[in-house]
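Peer 1: Pasting in a structure now, in structure tokens, and then I'll have a few things to ask.
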Amino acid sequence: MSVAQLPSYLSKENIGPWHIYLQQVEQVAPLLDKALWPWVETLRRPKRSLIVDVPIRRDNGVVEHFEGYRVHHNTSRGPGKGGVRFHQDVTLSEVMALAGWMTIKNAVVNVPFGGAKGGVRVDPRQLSPAELEGLTRRYTSEISSMIGPDKDIPAPDMNTNAQVMAWMMDTYSMGAGRTVTGVVTGKPLSLGGSLGRPDATGRGVFVTAREAARKLNVPIEGARVAVQGFGNVGEASARIFAQHGARIVAIQDVTGTAYNPTGLDVVALKRFQLENKTLLGAPGCEFIDSAAFWSVPCDFMVPAALESQINRHNADQITARIVVEGANGPTTPEADVILAERGITVVPDVLANAGGVTVSYFEWVQDFSSFFWSEDEINARLERIMSEAFHAIWTMAEVRKMPLRSAAFVIGCSRVLEARATRGLYP
Ligand code: GLU
């Protein structure tokens, strides 16, 4: 099939995450070197996908079943790499899309990994700590044939954290009969984790935002920032922006939208959220309707929650000069067009949120060599990789007159397909 032809399954109505990923690939395919065209189909097909049943015994003695997934999208450049998500809306389509974006992301920052992702369709807020541990261990055991330190290395994603990674590492290690720290990243420091990993995604969001702001002459000092999502990525992004003199005017999580045009106290708000399991009622702010978040007057908007949050229904309301994608897939292709027409610069997910997997790579290297780096060293290396990737993408976007997302995809897809073409077909 010619790369210019749109397959029928890419109808406008069919906008699940995997189809959004496919649309992005279709858009960029004609821009790739012609020599790579015969290999583009590789990007449209995950290498392997596993669906697993995850039964757990609830605290009340009843056995309950959940559906889990692990997808290797591509391993041309190295072992699979990508997080594990626990969320009530996880689907195979979503995990496939997230794995595809990992393939591009890892190539954009040039870490020697392919793309993978996993997830379990479960609302972890409904589980006790013991149930969460049981779910994590059974899921790990079910996907154990897919993972390994030189095969596929999971990490945290939405609703998973260092403790979940510790259980995954332990479960895998028990099966292997030895401690294998390098099988997951984002672990606690005491188990081979890396300094700087918890803040890495947020730090990368800030670095790419700062570089875009320099190019567009938008000062960070005093800039107004609206952040959707107040988990690992949203919180660290907001905090680091604030540390550099920006004003965080709005923060939205699943429970509410905190607003204060003179600036929110990010640290106090996080403490309140952890203690009360909600943002509602936090002092020093007012609460606005969740839909009103999108029209909040701001200079930067950081979507750091789920996919497709910026879409044709709200893209025309956004006031920001720069959208920095902390989440994976937060902007639909239709919204991309609207934002571009309105002159809003989008720093795409495969670049903006790549700080997490970049420090995951550092963690994996440190585990292999059993030699650990200082936090300054980690942050300096992260800063260098993120700003070099930013400038390569910015330059390509300028020279070839294309959006940053297209430039990032051209660079990422070319690296993947060059590896694919050079390796050739087996057998
Ligand atoms: N879940 C993160 C992401 O979407 C990190 C993945 C990793 O460190 O492997 O990029």
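Note on naming: chains are A, B, ... as they come in the structure tokens, residues start from 1 per chain, ligands start from 1 in the order shown.
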To check your reading of the model: which residues sit at most 9 Å from ligand 1 when counting only C-alpha atoms and all ligand atoms? Write the answer as an NGL selection string.

Peer 2: :A and (80-85 or 98-99 or 101-102 or 105-106 or 115-117 or 153-158 or 184-186 or 197 or 201 or 327-328 or 349-350 or 353-361)

Peer 1: Determine, counting only C-alpha atoms, which protein, DNA and RNA residues have an atom within 9 Å of an atom of Gln273 of chain A; residues of the same chain fewer than 6 positions away are not included. Present the result as a list in words.

Peer 2: Phe230, Leu279, Leu280 and Ala282 of chain A

Peer 1: Restricting it to all heavy atoms, dump the selection as a short mmCIF file (atom, residue, chain, number, x, y, z; two decimals), in the first residue's frame.

Peer 2:
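What ended up in selection.cif:
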data_model
loop_
_atom_site.label_atom_id
_atom_site.label_comp_id
_atom_site.auth_asym_id
_atom_site.auth_seq_id
_atom_site.Cartn_x
_atom_site.Cartn_y
_atom_site.Cartn_z
N PHE A 230 -2.57 16.08 38.47
CA PHE A 230 -1.75 16.45 39.63
C PHE A 230 -1.18 15.19 40.24
O PHE A 230 -1.15 15.00 41.44
CB PHE A 230 -2.60 17.25 40.63
CG PHE A 230 -1.80 18.13 41.55
CD1 PHE A 230 -0.68 18.82 41.11
CD2 PHE A 230 -2.20 18.31 42.87
CE1 PHE A 230 0.05 19.64 41.96
CE2 PHE A 230 -1.51 19.14 43.73
CZ PHE A 230 -0.37 19.80 43.28
N LEU A 279 -8.84 17.62 45.91
CA LEU A 279 -8.34 19.01 45.91
C LEU A 279 -9.39 19.93 46.53
O LEU A 279 -9.07 20.99 47.06
CB LEU A 279 -8.10 19.47 44.47
CG LEU A 279 -6.82 19.04 43.76
CD1 LEU A 279 -6.75 19.70 42.39
CD2 LEU A 279 -5.58 19.41 44.57
N LEU A 280 -10.65 19.49 46.46
CA LEU A 280 -11.75 20.34 46.91
C LEU A 280 -11.59 20.72 48.38
O LEU A 280 -11.33 19.86 49.21
CB LEU A 280 -13.09 19.63 46.70
CG LEU A 280 -13.50 19.38 45.24
CD1 LEU A 280 -14.80 18.59 45.18
CD2 LEU A 280 -13.61 20.69 44.48
N ALA A 282 -9.29 22.88 49.42
CA ALA A 282 -7.93 23.38 49.70
C ALA A 282 -7.97 24.90 49.86
O ALA A 282 -8.71 25.58 49.13
CB ALA A 282 -6.99 22.99 48.56
#

Peer 1: Of the candidates A:Pro38, A:Gly196, A:Pro297, A:Gly229, which shows the shortest atom-to-atom distance to Thr262 of chain A, using only C-alpha atoms?

Peer 2: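 So, comparing all the options, the nearest one is A:Pro297.
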
Peer 1: May I have the residues within 8 Å of Ala97 of chain A as a PyMOL selection string, using only C-alpha atoms and disregarding those fewer than 2 positions away in the same chain?

Peer 2: chain A and resi 17-21+93-95+99-101

Peer 1: Would you return as a PyMOL selection string the members of segment 244-371 of chain A that DSSP assigns to alpha helix (DSSP H) on this structure's backbone?

Peer 2: chain A and resi 266-276+333-341+349-352+355-369

Peer 1: Using only C-alpha atoms for the distances, tell me which of A:Asn74, A:Asn217, A:Gln228, A:Asn161 is nearest to Ala291 of chain A.

Peer 2: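 Among the listed residues, the smallest separation from Ala291 of chain A belongs to A:Gln228.
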
Peer 1: Can you list, as a list of chain:residue names, every protein, DNA or RNA residue that comes within 7 Å of segment 363-378 of chain A when you count only C-alpha atoms, leaving out same-chain residues fewer than 6 positions away?

Peer 2: A:Thr181, A:Gly182, A:Thr185, A:Gly192, A:Gly193, A:Ser194, A:Leu195, A:Gly196

Peer 1: For the selection you just gave me, I'd like the residues written to a file as a CSV table (one decimal), in the first residue's frame, keeping N, CA and C atoms.

Peer 2:
chain,number,residue,atom,x,y,z
A,181,THR,N,17.5,-6.6,39.5
A,181,THR,CA,17.0,-5.2,39.7
A,181,THR,C,16.7,-4.5,38.4
A,182,GLY,N,17.4,-4.9,37.3
A,182,GLY,CA,17.2,-4.2,36.0
A,182,GLY,C,16.0,-4.6,35.3
A,185,THR,N,12.3,-0.2,36.0
A,185,THR,CA,12.9,1.1,36.4
A,185,THR,C,11.8,1.9,37.2
A,192,GLY,N,17.9,-0.2,43.9
A,192,GLY,CA,18.6,0.0,42.6
A,192,GLY,C,17.9,1.1,41.8
A,193,GLY,N,17.0,1.9,42.5
A,193,GLY,CA,16.4,3.0,41.8
A,193,GLY,C,17.4,4.1,41.6
A,194,SER,N,17.0,5.1,40.8
A,194,SER,CA,18.0,6.2,40.5
A,194,SER,C,17.5,7.5,41.1
A,195,LEU,N,18.5,8.3,41.6
A,195,LEU,CA,18.2,9.6,42.1
A,195,LEU,C,17.6,10.4,40.9
A,196,GLY,N,16.7,11.3,41.1
A,196,GLY,CA,16.1,12.1,40.1
A,196,GLY,C,15.0,11.5,39.3

Peer 1: Which polymer residues have any atom within 9 Å of an atom of Glu286 of chain A, counting only C-alpha atoms, with same-chain residues fewer than 6 positions away left out, as a PyMOL selection string?

Peer 2: chain A and resi 257-260

Peer 1: Write out as an NGL selection string which residues come within 8 Å of Tyr139 of chain A when counting only C-alpha atoms, dropping same-chain ones fewer than 6 positions away.

Peer 2: :A and (52-54 or 68 or 120)

Peer 1: Taking only C-alpha atoms into account, name the residue in A:Arg247, A:Arg271, A:His313, A:Lys401 that is nearest to Met301 of chain A.

Peer 2: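 Closest candidate: A:Arg247.
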